[in-house]
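Colleague: I have a structure here, written as structure tokens, and I will follow up with some questions on it.
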Amino acid sequence: MIARTIVPVISQPTPILNSNTNGIGDITEELFFSPLHSGALIWGAGPVFTVPSATDPILGTGRVLLGPTAVFLVTPPHIVMGVLVNNQWSVGGNPLLPSVNTFLAQPFFNYNFPHGWYVTSSPLITANWLAAPGQQWVVPVGGGFGRIFKIGDQPVSANIAGYYNVVHPTGAPNWQLRAELTLLFPEK
């Protein structure tokens, strides 16, 4: 079993007030069950769930979400590439808030250089199946760079990447900037 926990730290523009709202978004947990020896194609599948933990209502859904998730990847020399997909539906939380039915596809590509450096592209392609036609998709294109290093004895991966949203709902941002810090727990 592989666990992936996402705790988003968000700075979200507030168009009505012409300002930003900053804080923690809803926390997502993905659990992938994967064979010990999967060969050249590494894969895993399992549940994904999100808890309404946002520090401000604009940064989350206020709903408990649940659904399936899967990941597929290959690792030719110097490269890690694949795709992660999931869909989540609202199954709890504040019933006065809108229902949720969201899809996520995250293709990823890393080219690894010496000394822990890498270039990366990992856009978050999303669909809100409950939105009006023509307003459902966000499709970003872009990438960035990062490095794997240690803080004390803890291996981490840090990267920064910019993406232009070639498809997005009316009123949504044209671009996004993502900075990520990932704690790594390799087998010993």
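As shown in the structure tokens, the chain order sets the letters A, B, ...; within each chain, residues go from 1, and ligands are also counted from 1 in the order they appear.
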Given only C-alpha atoms, how would the per-residue table for region 77-180 of chain A near region 17-35 of chain A read, listing every residue at most 12 Å away with its closest atom pair and distance in Å to one decimal, sorted by chain and number, as a tab-separated table?
Modeller:
residue	atom	partner	partner_atom	distance
A:Leu84	CA	A:Glu30	CA	10.6
A:Val85	CA	A:Glu30	CA	10.8
A:Asn86	CA	A:Glu30	CA	9.4
A:Asn87	CA	A:Glu30	CA	11.5
A:Gln88	CA	A:Thr28	CA	10.5
A:Gly93	CA	A:Asp26	CA	11.8
Colleague: Write the residues of the preceding selection, restricted to N, CA and C atoms, as an mmCIF file, in the first residue's frame.
Modeller:
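Final output, out-v1.cif:
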data_model
loop_
_atom_site.group_PDB
_atom_site.id
_atom_site.type_symbol
_atom_site.label_atom_id
_atom_site.label_comp_id
_atom_site.auth_asym_id
_atom_site.auth_seq_id
_atom_site.Cartn_x
_atom_site.Cartn_y
_atom_site.Cartn_z
ATOM 1 N N LEU A 84 -1.864 9.933 -13.136
ATOM 2 C CA LEU A 84 -2.680 9.653 -11.962
ATOM 3 C C LEU A 84 -4.094 10.141 -12.299
ATOM 4 N N VAL A 85 -5.109 9.348 -12.007
ATOM 5 C CA VAL A 85 -6.497 9.748 -12.277
ATOM 6 C C VAL A 85 -7.369 9.431 -11.069
ATOM 7 N N ASN A 86 -8.399 10.251 -10.875
ATOM 8 C CA ASN A 86 -9.404 9.942 -9.867
ATOM 9 C C ASN A 86 -10.692 10.700 -10.145
ATOM 10 N N ASN A 87 -11.751 10.273 -9.506
ATOM 11 C CA ASN A 87 -13.028 10.984 -9.527
ATOM 12 C C ASN A 87 -13.588 10.905 -8.114
ATOM 13 N N GLN A 88 -14.118 12.026 -7.639
ATOM 14 C CA GLN A 88 -14.674 12.061 -6.285
ATOM 15 C C GLN A 88 -16.080 12.650 -6.307
ATOM 16 N N GLY A 93 -20.599 15.961 4.819
ATOM 17 C CA GLY A 93 -20.260 17.356 5.023
ATOM 18 C C GLY A 93 -21.519 18.205 5.094
#
Colleague: Per DSSP on the backbone, what are the strand (DSSP E) residues of region 14-143 of chain A, as a count of residues only?
Modeller: 78
Colleague: Which is closest to Leu184 (chain A) among A:Asn165, A:Thr14, A:Ser157, A:Asn112, if we use only C-alpha atoms?
Modeller: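 Smallest separation from Leu184 (chain A) among the options: A:Ser157.
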Colleague: Skip Gly116 (chain A) itself and residues of its chain fewer than 2 positions away, then list as a list in words all residues within 9 Å of it, counting only C-alpha atoms.
Modeller: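 The residues that qualify are Asn112, Phe113, Pro114, Tyr118, Gly146, Arg147, Ile148, Phe149 and Ser157 of chain A.
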Colleague: Check the smallest atom-to-atom distance from each of A:Gln154, A:Thr75, A:Gln136, A:Ser99 to Gly39 (chain A) using only C-alpha atoms, then report the winner.
Modeller: A:Thr75
Colleague: As a PyMOL selection string, please: the residues near Ala105 (chain A) (cut-off 12 Å, only C-alpha atoms, same-chain neighbours under 2 positions excluded).
Modeller: chain A and resi 69-72+82-88+102-103+107-108+122-127+137-140
Colleague: Any idea what the distance is between CA of Pro98 (chain A) and CA of Ile58 (chain A)?
Modeller: 12.9 Å
Colleague: Could you tell me how far CA of Gly60 (chain A) lies from CA of Val7 (chain A), in Å and to one decimal?
Modeller: 11.6 Å
Colleague: Can you measure CA of Val167 (chain A) to CA of Gly142 (chain A) for me? One decimal in Å is fine.
Modeller: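 Between these atoms lies a distance of 13.0 Å.
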Colleague: If DSSP is run on the backbone, what residues of region 26-124 of chain A are helix (DSSP H, G or I)? A reply as an mmCIF file with N, CA and C atoms, in the first residue's frame would be ideal.
Modeller:
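Listed below is the output, selection.cif:
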data_model
loop_
_atom_site.group_PDB
_atom_site.id
_atom_site.type_symbol
_atom_site.label_atom_id
_atom_site.label_comp_id
_atom_site.auth_asym_id
_atom_site.auth_seq_id
_atom_site.Cartn_x
_atom_site.Cartn_y
_atom_site.Cartn_z
ATOM 1 N N PRO A 57 -13.804 29.282 3.855
ATOM 2 C CA PRO A 57 -14.749 28.618 2.943
ATOM 3 C C PRO A 57 -14.392 28.735 1.459
ATOM 4 N N ILE A 58 -13.721 29.815 1.053
ATOM 5 C CA ILE A 58 -13.368 29.970 -0.356
ATOM 6 C C ILE A 58 -12.285 28.973 -0.790
ATOM 7 N N LEU A 59 -11.579 28.354 0.166
ATOM 8 C CA LEU A 59 -10.467 27.455 -0.141
ATOM 9 C C LEU A 59 -10.861 25.982 -0.159
ATOM 10 N N PRO A 114 22.040 15.067 -12.887
ATOM 11 C CA PRO A 114 22.907 14.783 -11.735
ATOM 12 C C PRO A 114 22.650 15.749 -10.572
ATOM 13 N N HIS A 115 23.047 15.337 -9.382
ATOM 14 C CA HIS A 115 22.991 16.152 -8.165
ATOM 15 C C HIS A 115 21.561 16.464 -7.722
ATOM 16 N N GLY A 116 20.581 15.626 -8.115
ATOM 17 C CA GLY A 116 19.212 15.764 -7.637
ATOM 18 C C GLY A 116 18.327 16.724 -8.398
#
